[in-house]
Amino acid sequence: MRKYFEIAKILFKAQLVYRFDVFFNALFTVAKIVFAYIVWGVIFESNTTVAGFTLSTMLSYYVISSFLSQIEMSDGITGEISGRIRDGSFSKFMVIPSNTFLHFLWQNIGSTLFYMIFNFFAAVIWIFIFKIDFALTTDIAIIFSSLLLISLGLFFMVQLSYFIGILTFKFKNVWLFNLIKGNIAAFVTGSLVPLVLLPMGVVDVMKFFPFYYVTYLPSMMLIGRNIDEFIVGIIVLSIYILVFIIINISTYNFLRKKYDGVGI
Amino acid sequence: MNIISTSNLTKSYKRYEKEEGLKGSIKSLFKRQFIMKDAVDNFSIDIRKGEFVGLIGPNGAGKTTLVKMLTGIIAPTSGDITVLGYYPNKLQNEYKKQYAVVMGQKSQLFFELTPSDTFVLFKELYNIPDKIYKENIEYFIDLFDIKDLLNVQVRTLSLGERMKMELIVSLLHNPTILFLDEPTIGLDAIAQKQIRHFLKEVNEKKDTTIILTSHYMEDIKSLCKRCIVINEGKKIYDGSLKSLFARYQTHKMITILFEYESSISLPYDIEILESSPYKISFMIKKFEVNKVLKYIIENYEIADISIEEEDIGNVVERIYSNKVGDIE
Ligand SMILES: Nc1ncnc2c1ncn2[C@@H]1O[C@H](COP(=O)(O)OP(=O)(O)OP(=O)(O)O)[C@@H](O)[C@H]1O
Ligand SMILES: [Mg+2]
């Protein structure tokens with residue numbers, strides 16, 4: 001186990017080196033919140049509530065969900081695996097005594113933790129600057145439930161990104177899969193628009209997919225809404241996670257035999 | 001005891017062929033043409049513990065492919081392979097903990113971090129006990145004398161410095177076998193020498209079995225008692241390096257300086273390397289040296305003569321151009 005902590009620690013440290021990335025990551029968060037502030041400010045001038053949101057709960061939703069989507073960084077896993085398979089440096093993971101999936105998981109945990117701490121401070125600062133009347137629930141049980149959901153959701157996203165990454169063994173180019181995933185995720189996780197604003201039928205379909213529970217539901221729960229969906233969320237995510245454990249193990253064991261380790 | 005053993009090991013790569021240009025690209029979307037390439041072909045070897053084996057062959061001979069199969073990175077197409085009792089491509093952790101591989105153009109280090117950081121990571125990855133870890137770090141750092149580079153970013157290291165770090169990282173867990181694929185590629189003479197010294201020490205003091213591929217014959221000559229020559233995927237020689245050279249270093253290089261301007265013509269079939277009014281140098285078969293020198297001394301005024309071993313590159317060329325069955 002200690003080896004995986006060390007992997008996480010190394011990635012955490014590695015992030016510190018990329019000061020620029022950190023800077024842009026922060027800038028992006030700000031841009032999103034400013035955008036929400038302006039757009040929703042206009043809309044709320046003529047309404048006091050929209051789909052049960054007040055301006056401050058809406059902005060709180062944006063702060064939380066953009067925080068969550070910032071720390072969902074599994075994209076990097078697909079990029080790294082795919083690039084390494086294509087240039088042959090994936091060999092590195094085949095010769096060291098660690099499990100490749102766990103290696104990437106902990107690598108992701110390391111960098112996520114880093115951005116989490118960083119983005120957390122950023123979020124707090126924005127709440128003060130925009131004088132958002134922050135509508136965080138005070139119910140400890142709900143906070144913990146959301147944290148559980150968030151952890152499972154992030155774990156699932158790592159599994160999915162890993163899966164797309166290792167498909168490179170077979171398909172050399174996975175950018176299409178990644179693009180599809182990226183767009184679905186951006187839309188379905190509700191970091192662009194709260195999903196309650198969409199037609200009921202669409203939302204009901206989304207509930208069968210894991211993305212709904214990754215940022216959207218925990219964000220809603222944290223502002224005190226949709227609490228009753230928690231149990232379903234845990235069940236759906238757990239099923240997807242279990243299925244993907246099996247898919248990933250068998251896909252890896254099957255496809256890695258196709259690996260040529262190109263280059264020198 | 002053999003710790004590496006392969007028999008009739010074969011790896012065929014499938015490679016797609018595409019016609020030139022856009023038309024070819026589109027055509028290949030629908031109908032892929034591929035050719036098979038036997039990169040390693042019916043290869044059988046046995047290596048004992050503690051050996052230092054040189055694996056040589058021209059570009060594309062199949063050396064890297066062989067190393068990749070031995071380390072389990074790729075699966076063989078057919079044939080048997082056992083290393084330390086394991087089938088490498090099963091990628092078992094128990095196997096991985098017993099070998100190390102360093103490929104000249106690939107890195108195990110994290111470029112953004114320092115070598116020390118990577119050392120600590122490897123300590124955990126391989127569960128290296130504190131005592132052994134400390135001893136090894138001290139021993140290797142001393143051997144390379146690179147104490148002051150441990151806490152700088154890896155990306156700022158020079159190629160040679162980085163390669164030394166790669167070697168240290170790979171040896172921290174005292175592997176039984178060390179695979180080296182062109183570890184000295186691109187290094188200057190000093191660094192190459194240091195690395196050779198390092199490897200010799202490791203092989204002797206730690207009894208590490210080392211399989212080394214290199215295009216620098218100096219590496220092979222000064223380190224490996226045993227040498228395996230591979231060409232077009234096939235083994236064409238396996239035996240002592242000494243007899244390989246005895247057999248293939250067939251020529252001498254002779255350089256003669258003349259007192260006076262001379263235009264020399266030799267009545268023998270020799271390969272002239274350089275010729276000017278005051279100097280000639282040529283290659284000649286060992287057994288003809290006597291005869292030719294006698295002729296020259298009798299017919300010309302000579303200022304100086306030197307007789308040298310033939311350049312190692314020629315020897316290698318001759319070895320490689322040999323077809324299977326010619327030797328052994
Ligand atoms: N992934 C691959 N797909 C198809 N052919 C390959 C692949 N990798 C290597 N080959 C071919 O297999 C042959 C052996 O390659 P290999 O890399 O083992 O040679 P090598 O002896 O290491 O050469 P070098 O001295 O240049 O490093 C070459 O002809 C090469 O073109
Ligand atoms: Mg090679």
# chains A, B, ... in the order shown; residues from 1 in each chain; ligands from 1
$ residues_near_ligand --ligand "ligand 1" --cutoff "7 Å" --atoms "only C-alpha atoms and all ligand atoms" --output "MDAnalysis selection string"
(chainID A and resid 260:264) or (chainID B and resid 13:15 37:39 57:66)
$ select_by_dssp --residues "segment 39-198 of chain A" --states "alpha helix (DSSP H)" --output "VMD selection string"
chain A and resid 39 to 46 55 to 71 75 to 87 91 to 95 100 to 129 140 to 166 168 to 171 175 to 188
$ atom_distance --atom1 "atom CA of Leu59 of chain A" --atom2 "atom CA of Phe211 of chain A"
21.3 Å
$ residues_around --residues "Phe110 of chain B" --least-positions-apart "4" --cutoff "12 Å" --atoms "only C-alpha atoms" --output "VMD selection string"
(chain A and resid 7 10 to 11 13 to 15 17 92) or (chain B and resid 106 114 to 122 152 to 157 162 165 to 166 169)
$ residues_around --residues "segment 293-305 of chain B" --least-positions-apart "5" --cutoff "9 Å" --atoms "only C-alpha atoms" --output "ChimeraX atom specification"
/B:254-260,262,264,266,288
$ select_by_dssp --residues "segment 172-216 of chain B" --states "strand (DSSP E)" --output "MDAnalysis selection string"
chainID B and resid 177:181 209:213
